[in-house]
$ cat start02.txt   # compact mmCIF, N, CA and C atoms
# COMPACT_ATOMS: atom_id res chain seq x y z
N MET A 18 0.84 -1.19 0.00
CA MET A 18 0.00 0.00 0.00
C MET A 18 0.88 1.25 0.00
N VAL A 19 0.41 2.27 -0.67
CA VAL A 19 1.10 3.56 -0.72
C VAL A 19 0.22 4.57 -0.01
N TYR A 20 0.80 5.23 1.01
CA TYR A 20 0.06 6.21 1.79
C TYR A 20 0.65 7.59 1.60
N GLY A 21 -0.21 8.57 1.43
CA GLY A 21 0.21 9.96 1.43
C GLY A 21 -0.06 10.53 2.80
N TYR A 22 0.98 11.07 3.45
CA TYR A 22 0.80 11.63 4.79
C TYR A 22 0.98 13.14 4.73
N ILE A 23 -0.02 13.85 5.23
CA ILE A 23 -0.03 15.31 5.21
C ILE A 23 -0.36 15.80 6.61
N ARG A 24 0.46 16.72 7.12
CA ARG A 24 0.17 17.31 8.43
C ARG A 24 0.41 18.81 8.37
N VAL A 25 -0.56 19.56 8.88
CA VAL A 25 -0.39 20.99 9.10
C VAL A 25 -0.63 21.25 10.58
N SER A 26 -0.08 22.35 11.08
CA SER A 26 -0.13 22.62 12.51
C SER A 26 -1.37 23.37 12.97
N SER A 27 -1.98 24.13 12.07
CA SER A 27 -3.13 24.93 12.50
C SER A 27 -4.16 25.02 11.40
N ASP A 28 -5.37 25.44 11.79
CA ASP A 28 -6.45 25.61 10.83
C ASP A 28 -6.16 26.72 9.82
N LYS A 29 -5.21 27.58 10.13
CA LYS A 29 -4.86 28.68 9.23
C LYS A 29 -4.01 28.19 8.06
N GLN A 30 -3.48 26.98 8.20
CA GLN A 30 -2.67 26.40 7.12
C GLN A 30 -3.56 25.48 6.29
N THR A 31 -3.13 25.21 5.07
CA THR A 31 -3.90 24.35 4.19
C THR A 31 -3.11 23.10 3.82
N VAL A 32 -3.82 22.01 3.66
CA VAL A 32 -3.18 20.76 3.27
C VAL A 32 -3.00 20.69 1.75
N GLU A 33 -3.61 21.61 1.04
CA GLU A 33 -3.63 21.53 -0.43
C GLU A 33 -2.25 21.57 -1.07
N ASN A 34 -1.35 22.41 -0.56
CA ASN A 34 0.01 22.46 -1.15
C ASN A 34 0.73 21.13 -0.99
N GLN A 35 0.64 20.53 0.18
CA GLN A 35 1.29 19.24 0.40
C GLN A 35 0.65 18.15 -0.47
N ARG A 36 -0.68 18.16 -0.55
CA ARG A 36 -1.38 17.18 -1.38
C ARG A 36 -0.95 17.33 -2.84
N PHE A 37 -0.83 18.55 -3.31
CA PHE A 37 -0.40 18.83 -4.68
C PHE A 37 1.00 18.26 -4.93
N GLU A 38 1.92 18.51 -4.00
CA GLU A 38 3.29 18.01 -4.15
C GLU A 38 3.35 16.49 -4.17
N VAL A 39 2.64 15.85 -3.25
CA VAL A 39 2.64 14.39 -3.19
C VAL A 39 2.00 13.81 -4.46
N THR A 40 0.89 14.39 -4.90
CA THR A 40 0.21 13.91 -6.10
C THR A 40 1.12 14.03 -7.32
N ASN A 41 1.77 15.17 -7.48
CA ASN A 41 2.68 15.35 -8.62
C ASN A 41 3.85 14.38 -8.57
N PHE A 42 4.41 14.18 -7.38
CA PHE A 42 5.51 13.25 -7.21
C PHE A 42 5.07 11.84 -7.63
N CYS A 43 3.89 11.44 -7.20
CA CYS A 43 3.39 10.10 -7.54
C CYS A 43 3.16 9.96 -9.04
N GLU A 44 2.63 10.99 -9.68
CA GLU A 44 2.42 10.94 -11.13
C GLU A 44 3.74 10.80 -11.86
N ARG A 45 4.76 11.54 -11.43
CA ARG A 45 6.09 11.46 -12.08
C ARG A 45 6.75 10.11 -11.88
N ASN A 46 6.40 9.41 -10.78
CA ASN A 46 7.05 8.15 -10.45
C ASN A 46 6.12 6.93 -10.61
N ASN A 47 5.02 7.12 -11.34
CA ASN A 47 4.06 6.05 -11.61
C ASN A 47 3.60 5.32 -10.34
N LEU A 48 3.26 6.10 -9.33
CA LEU A 48 2.74 5.56 -8.08
C LEU A 48 1.30 6.01 -7.89
N THR A 49 0.53 5.19 -7.22
CA THR A 49 -0.86 5.54 -6.92
C THR A 49 -1.05 5.52 -5.41
N ILE A 50 -1.60 6.59 -4.87
CA ILE A 50 -1.87 6.66 -3.44
C ILE A 50 -3.10 5.81 -3.14
N ASP A 51 -2.93 4.82 -2.25
CA ASP A 51 -4.04 3.96 -1.84
C ASP A 51 -4.83 4.56 -0.69
N GLY A 52 -4.18 5.44 0.09
CA GLY A 52 -4.86 6.06 1.21
C GLY A 52 -4.17 7.35 1.63
N TRP A 53 -4.97 8.35 1.94
CA TRP A 53 -4.46 9.64 2.41
C TRP A 53 -4.67 9.74 3.90
N ILE A 54 -3.67 10.24 4.60
CA ILE A 54 -3.79 10.55 6.02
C ILE A 54 -3.53 12.04 6.14
N GLU A 55 -4.55 12.79 6.51
CA GLU A 55 -4.43 14.23 6.67
C GLU A 55 -4.79 14.59 8.10
N GLU A 56 -3.98 15.46 8.70
CA GLU A 56 -4.32 15.90 10.04
C GLU A 56 -3.86 17.32 10.28
N THR A 57 -4.62 18.00 11.13
CA THR A 57 -4.27 19.34 11.58
C THR A 57 -3.96 19.24 13.06
N ILE A 58 -2.66 19.16 13.36
CA ILE A 58 -2.21 18.97 14.73
C ILE A 58 -0.73 19.34 14.80
N SER A 59 -0.30 19.81 15.93
CA SER A 59 1.11 20.16 16.11
C SER A 59 1.99 18.93 16.00
N GLY A 60 3.12 19.08 15.36
CA GLY A 60 4.09 18.00 15.25
C GLY A 60 4.77 17.68 16.56
N THR A 61 4.56 18.53 17.57
CA THR A 61 5.14 18.26 18.89
C THR A 61 4.29 17.25 19.67
N LYS A 62 3.05 17.04 19.24
CA LYS A 62 2.18 16.06 19.89
C LYS A 62 2.71 14.66 19.58
N SER A 63 2.62 13.77 20.54
CA SER A 63 3.09 12.40 20.36
C SER A 63 2.42 11.77 19.13
N TYR A 64 3.22 11.07 18.34
CA TYR A 64 2.65 10.43 17.15
C TYR A 64 1.57 9.42 17.51
N SER A 65 1.64 8.84 18.71
CA SER A 65 0.64 7.86 19.13
C SER A 65 -0.73 8.50 19.34
N LYS A 66 -0.76 9.82 19.53
CA LYS A 66 -2.02 10.53 19.73
C LYS A 66 -2.50 11.20 18.44
N ARG A 67 -1.81 10.89 17.35
CA ARG A 67 -2.16 11.48 16.06
C ARG A 67 -2.59 10.37 15.09
N ALA A 68 -3.15 10.78 13.97
CA ALA A 68 -3.52 9.81 12.94
C ALA A 68 -2.29 9.05 12.45
N LEU A 69 -1.12 9.67 12.56
CA LEU A 69 0.12 9.00 12.19
C LEU A 69 0.33 7.74 13.01
N GLY A 70 -0.02 7.77 14.29
CA GLY A 70 0.12 6.60 15.15
C GLY A 70 -0.72 5.44 14.65
N THR A 71 -1.94 5.73 14.22
CA THR A 71 -2.81 4.69 13.66
C THR A 71 -2.19 4.12 12.39
N LEU A 72 -1.64 4.99 11.55
CA LEU A 72 -0.98 4.53 10.33
C LEU A 72 0.22 3.64 10.66
N LEU A 73 1.03 4.04 11.64
CA LEU A 73 2.21 3.26 12.00
C LEU A 73 1.83 1.88 12.55
N ARG A 74 0.70 1.77 13.21
CA ARG A 74 0.25 0.46 13.69
C ARG A 74 -0.23 -0.42 12.53
N ARG A 75 -0.70 0.21 11.45
CA ARG A 75 -1.29 -0.51 10.33
C ARG A 75 -0.28 -0.94 9.27
N VAL A 76 0.78 -0.16 9.07
CA VAL A 76 1.70 -0.45 7.96
C VAL A 76 2.45 -1.76 8.16
N GLY A 77 2.89 -2.31 7.04
CA GLY A 77 3.64 -3.55 7.08
C GLY A 77 4.73 -3.57 6.03
N LYS A 78 5.26 -4.74 5.80
CA LYS A 78 6.36 -4.95 4.86
C LYS A 78 5.99 -4.42 3.47
N ASP A 79 6.91 -3.66 2.90
CA ASP A 79 6.80 -3.10 1.54
C ASP A 79 5.77 -1.99 1.39
N ASP A 80 5.10 -1.58 2.47
CA ASP A 80 4.24 -0.41 2.37
C ASP A 80 5.13 0.81 2.20
N LEU A 81 4.54 1.90 1.72
CA LEU A 81 5.29 3.12 1.46
C LEU A 81 4.50 4.31 1.99
N ILE A 82 5.18 5.13 2.80
CA ILE A 82 4.60 6.39 3.28
C ILE A 82 5.34 7.52 2.57
N ILE A 83 4.59 8.37 1.91
CA ILE A 83 5.17 9.51 1.20
C ILE A 83 4.69 10.78 1.87
N CYS A 84 5.64 11.67 2.20
CA CYS A 84 5.28 12.98 2.74
C CYS A 84 6.22 14.02 2.12
N THR A 85 5.89 15.27 2.28
CA THR A 85 6.69 16.31 1.63
C THR A 85 8.06 16.47 2.25
N GLU A 86 8.16 16.33 3.58
CA GLU A 86 9.46 16.46 4.25
C GLU A 86 9.41 15.78 5.61
N LEU A 87 10.57 15.45 6.15
CA LEU A 87 10.64 14.75 7.43
C LEU A 87 9.97 15.52 8.56
N SER A 88 9.99 16.84 8.50
CA SER A 88 9.40 17.64 9.57
C SER A 88 7.89 17.44 9.68
N ARG A 89 7.27 16.86 8.66
CA ARG A 89 5.83 16.56 8.74
C ARG A 89 5.58 15.42 9.71
N LEU A 90 6.58 14.54 9.90
CA LEU A 90 6.43 13.41 10.81
C LEU A 90 6.52 13.84 12.26
N GLY A 91 7.39 14.79 12.56
CA GLY A 91 7.57 15.26 13.92
C GLY A 91 8.44 16.49 13.95
N ARG A 92 8.42 17.18 15.08
CA ARG A 92 9.15 18.44 15.17
C ARG A 92 10.47 18.33 15.90
N ASN A 93 10.83 17.14 16.38
CA ASN A 93 12.15 17.02 16.98
C ASN A 93 12.82 15.74 16.48
N LEU A 94 14.12 15.74 16.53
CA LEU A 94 14.92 14.65 15.97
C LEU A 94 14.60 13.31 16.60
N PHE A 95 14.44 13.28 17.92
CA PHE A 95 14.20 12.00 18.59
C PHE A 95 12.86 11.39 18.18
N MET A 96 11.83 12.21 18.02
CA MET A 96 10.54 11.69 17.59
C MET A 96 10.64 11.15 16.16
N ILE A 97 11.29 11.88 15.29
CA ILE A 97 11.45 11.43 13.90
C ILE A 97 12.25 10.13 13.86
N MET A 98 13.31 10.03 14.67
CA MET A 98 14.11 8.81 14.72
C MET A 98 13.26 7.63 15.20
N GLU A 99 12.43 7.86 16.19
CA GLU A 99 11.58 6.79 16.70
C GLU A 99 10.59 6.33 15.64
N ILE A 100 9.99 7.26 14.93
CA ILE A 100 9.04 6.93 13.87
C ILE A 100 9.73 6.15 12.76
N LEU A 101 10.90 6.60 12.35
CA LEU A 101 11.64 5.89 11.30
C LEU A 101 12.08 4.51 11.77
N ASN A 102 12.42 4.39 13.03
CA ASN A 102 12.80 3.10 13.58
C ASN A 102 11.62 2.12 13.53
N ILE A 103 10.43 2.59 13.85
CA ILE A 103 9.23 1.75 13.75
C ILE A 103 9.04 1.29 12.31
N CYS A 104 9.18 2.22 11.38
CA CYS A 104 9.01 1.87 9.97
C CYS A 104 10.06 0.86 9.52
N MET A 105 11.32 1.05 9.93
CA MET A 105 12.38 0.11 9.56
C MET A 105 12.10 -1.27 10.13
N THR A 106 11.65 -1.32 11.38
CA THR A 106 11.35 -2.60 12.03
C THR A 106 10.25 -3.34 11.27
N LYS A 107 9.26 -2.58 10.79
CA LYS A 107 8.14 -3.18 10.07
C LYS A 107 8.43 -3.33 8.57
N GLU A 108 9.62 -2.91 8.15
CA GLU A 108 10.05 -2.96 6.75
C GLU A 108 9.12 -2.13 5.85
N CYS A 109 8.67 -1.02 6.40
CA CYS A 109 7.86 -0.06 5.67
C CYS A 109 8.79 1.04 5.17
N ARG A 110 8.64 1.43 3.94
CA ARG A 110 9.48 2.48 3.37
C ARG A 110 8.88 3.86 3.66
N VAL A 111 9.76 4.85 3.79
CA VAL A 111 9.35 6.24 3.97
C VAL A 111 10.13 7.08 2.96
N TRP A 112 9.41 7.83 2.15
CA TRP A 112 10.04 8.71 1.16
C TRP A 112 9.55 10.13 1.41
N THR A 113 10.49 11.08 1.32
CA THR A 113 10.09 12.49 1.38
C THR A 113 10.45 13.15 0.05
N ILE A 114 9.72 14.18 -0.27
CA ILE A 114 9.88 14.83 -1.57
C ILE A 114 10.91 15.95 -1.52
N LYS A 115 10.74 16.91 -0.62
CA LYS A 115 11.62 18.08 -0.61
C LYS A 115 13.06 17.75 -0.24
N ASP A 116 13.25 16.90 0.80
CA ASP A 116 14.63 16.60 1.18
C ASP A 116 15.11 15.28 0.59
N ASN A 117 14.31 14.68 -0.30
CA ASN A 117 14.70 13.50 -1.07
C ASN A 117 15.22 12.37 -0.18
N TYR A 118 14.56 12.16 0.95
CA TYR A 118 14.95 11.10 1.88
C TYR A 118 14.28 9.80 1.45
N ARG A 119 15.02 8.71 1.47
CA ARG A 119 14.49 7.40 1.10
C ARG A 119 14.89 6.37 2.15
N LEU A 120 13.92 5.88 2.89
CA LEU A 120 14.15 4.80 3.85
C LEU A 120 13.63 3.53 3.20
N GLY A 121 14.52 2.56 3.00
CA GLY A 121 14.11 1.33 2.33
C GLY A 121 15.05 0.19 2.61
N GLU A 122 15.31 -0.60 1.60
CA GLU A 122 16.11 -1.81 1.75
C GLU A 122 17.58 -1.62 1.37
N ASP A 123 17.99 -0.43 1.00
CA ASP A 123 19.37 -0.20 0.56
C ASP A 123 20.33 -0.16 1.75
N ILE A 124 21.61 -0.14 1.46
CA ILE A 124 22.63 -0.17 2.51
C ILE A 124 22.56 1.08 3.39
N GLN A 125 22.24 2.22 2.81
CA GLN A 125 22.14 3.46 3.59
C GLN A 125 21.05 3.31 4.67
N SER A 126 19.93 2.71 4.31
CA SER A 126 18.85 2.52 5.27
C SER A 126 19.26 1.55 6.38
N LYS A 127 20.02 0.53 6.03
CA LYS A 127 20.46 -0.43 7.03
C LYS A 127 21.45 0.21 8.01
N VAL A 128 22.31 1.09 7.50
CA VAL A 128 23.23 1.83 8.38
C VAL A 128 22.43 2.75 9.29
N LEU A 129 21.43 3.43 8.73
CA LEU A 129 20.57 4.29 9.54
C LEU A 129 19.84 3.49 10.60
N ALA A 130 19.36 2.31 10.24
CA ALA A 130 18.65 1.46 11.19
C ALA A 130 19.55 1.12 12.37
N PHE A 131 20.79 0.78 12.07
CA PHE A 131 21.75 0.47 13.12
C PHE A 131 21.98 1.69 14.01
N ALA A 132 22.20 2.86 13.37
CA ALA A 132 22.45 4.09 14.12
C ALA A 132 21.24 4.48 14.96
N PHE A 133 20.02 4.38 14.39
CA PHE A 133 18.81 4.71 15.13
C PHE A 133 18.64 3.78 16.31
N GLY A 134 18.88 2.50 16.09
CA GLY A 134 18.75 1.53 17.17
C GLY A 134 19.69 1.83 18.32
N LYS A 135 20.95 2.16 17.99
CA LYS A 135 21.93 2.51 19.02
C LYS A 135 21.53 3.80 19.72
N SER A 136 21.10 4.79 18.95
CA SER A 136 20.70 6.08 19.53
C SER A 136 19.53 5.92 20.47
N LEU A 137 18.52 5.15 20.05
CA LEU A 137 17.35 4.97 20.90
C LEU A 137 17.71 4.22 22.17
N THR A 138 18.63 3.26 22.07
CA THR A 138 19.08 2.54 23.26
C THR A 138 19.77 3.50 24.22
N LEU A 139 20.63 4.36 23.68
CA LEU A 139 21.33 5.34 24.53
C LEU A 139 20.36 6.32 25.16
N ILE A 140 19.36 6.74 24.41
CA ILE A 140 18.36 7.67 24.93
C ILE A 140 17.60 7.02 26.08
N GLN A 141 17.28 5.73 25.93
CA GLN A 141 16.51 5.04 26.96
C GLN A 141 17.33 4.78 28.22
N ILE A 142 18.64 4.49 28.08
CA ILE A 142 19.43 4.18 29.28
C ILE A 142 20.10 5.40 29.89
N ALA A 143 20.18 6.49 29.16
CA ALA A 143 20.88 7.68 29.66
C ALA A 143 20.32 8.19 30.99
N PRO A 144 19.00 8.33 31.14
CA PRO A 144 18.50 8.81 32.44
C PRO A 144 18.84 7.87 33.60
N VAL A 145 18.78 6.57 33.35
CA VAL A 145 19.10 5.59 34.39
C VAL A 145 20.58 5.70 34.77
N THR A 146 21.42 5.79 33.76
CA THR A 146 22.86 5.91 34.00
C THR A 146 23.17 7.20 34.75
N ALA A 147 22.56 8.30 34.33
CA ALA A 147 22.80 9.59 34.98
C ALA A 147 22.37 9.53 36.45
N CYS A 148 21.22 8.92 36.71
CA CYS A 148 20.74 8.81 38.09
C CYS A 148 21.68 7.98 38.94
N SER A 149 22.16 6.87 38.38
CA SER A 149 23.04 6.01 39.18
C SER A 149 24.40 6.65 39.40
N VAL A 150 24.89 7.42 38.44
CA VAL A 150 26.18 8.09 38.60
C VAL A 150 26.08 9.18 39.66
N PHE A 151 25.01 9.97 39.62
CA PHE A 151 24.88 11.09 40.54
C PHE A 151 24.42 10.66 41.93
N SER A 152 23.89 9.44 42.07
CA SER A 152 23.44 9.00 43.39
C SER A 152 24.56 8.32 44.19
N LYS A 153 25.66 7.96 43.53
CA LYS A 153 26.76 7.29 44.23
C LYS A 153 27.73 8.31 44.80
N PRO A 154 28.09 8.15 46.07
CA PRO A 154 29.10 9.07 46.62
C PRO A 154 30.48 8.65 46.14
N TYR A 155 31.22 9.59 45.63
CA TYR A 155 32.59 9.31 45.19
C TYR A 155 33.56 10.07 46.09
N PHE A 156 34.21 9.34 47.02
CA PHE A 156 35.15 9.96 47.96
C PHE A 156 36.53 9.40 47.73
$ encode --input "start02.txt" --output "structure tokens"
Amino acid sequence: MVYGYIRVSSDKQTVENQRFEVTNFCERNNLTIDGWIEETISGTKSYSKRALGTLLRRVGKDDLIICTELSRLGRNLFMIMEILNICMTKECRVWTIKDNYRLGEDIQSKVLAFAFGKSLTLIQIAPVTACSVFSKPYF
């Protein structure tokens, strides 16, 4: 399945520009969008509380999510890394148009998967390590 993902932050913004870009990209690359996910919500909100979370639970091997740029997925690096890690684990591809990002089966994606996995592990253990270091008296 090919999904077009569009997110704007406020009602004052329109999804039409992003839809136009994704549609044109698909026409140029002989792709057909099987489902559109559009939402008006801040990218700082957890993806699990957005329509994106529902999409991430549904996608599977060889599915493709197309969006205009990585910032549509989330507004901070750690959230984007977590989302991409979920997609890599499920073998779902993610392509962006403006920054020409391609997450797939190539060697670059596998290196990213390794780096994301290590980064997420460090992020998860860092608070525990910091607490244990600062709680021990060093005399």
$ atom_distance --input "start02.txt" --atom1 "atom C of Glu108 in chain A" --atom2 "atom N of Leu81 in chain A"
7.4 Å
$ closest_residue --input "start02.txt" --among "A:Cys84, A:Gly91, A:Leu69, A:Glu55" --to "Glu38 in chain A" --atoms "all atoms listed in the file"
A:Cys84
$ closest_residue --input "start02.txt" --among "A:Leu48, A:Leu87, A:Met96, A:Ile124" --to "Lys62 in chain A" --atoms "only C-alpha atoms"
A:Met96
$ residues_around --input "start02.txt" --residues "Asn41 in chain A" --least-positions-apart "6" --cutoff "12 Å" --atoms "only C-alpha atoms" --output "list in words"
Gly21, Asn34, Gln35, Asn47, Leu48, Thr49, Ile50, Ile83, Cys84, Thr85 and Ile114 of chain A
$ residues_around --input "start02.txt" --residues "Ile58 in chain A" --least-positions-apart "4" --cutoff "6 Å" --atoms "only N, CA and C atoms" --output "list in words"
Arg24, Val25, Ser26 and Ser27 of chain A
$ closest_residue --input "start02.txt" --among "A:Arg75, A:Ser59, A:Phe42, A:Lys29" --to "Arg92 in chain A" --atoms "all atoms listed in the file"
A:Ser59
$ closest_residue --input "start02.txt" --among "A:Gly60, A:Cys43, A:Tyr20, A:Arg36" --to "Asn93 in chain A" --atoms "only N, CA and C atoms"
A:Gly60
$ atom_distance --input "start02.txt" --atom1 "CA of Ile103 in chain A" --atom2 "CA of Gly77 in chain A"
10.2 Å
$ closest_residue --input "start02.txt" --among "A:Leu120, A:Leu101, A:Leu94, A:Ile54" --to "Leu72 in chain A" --atoms "only N, CA and C atoms"
A:Ile54
$ residues_near_point --input "start02.txt" --point "(9.1, 5.3, 2.9)" --cutoff "8 Å" --atoms "only C-alpha atoms" --output "list in words"
Asp80, Leu81, Ile82, Ile83, Cys104, Cys109, Arg110, Val111, Trp112, Thr113, Arg119, Leu120 and Gly121 of chain A
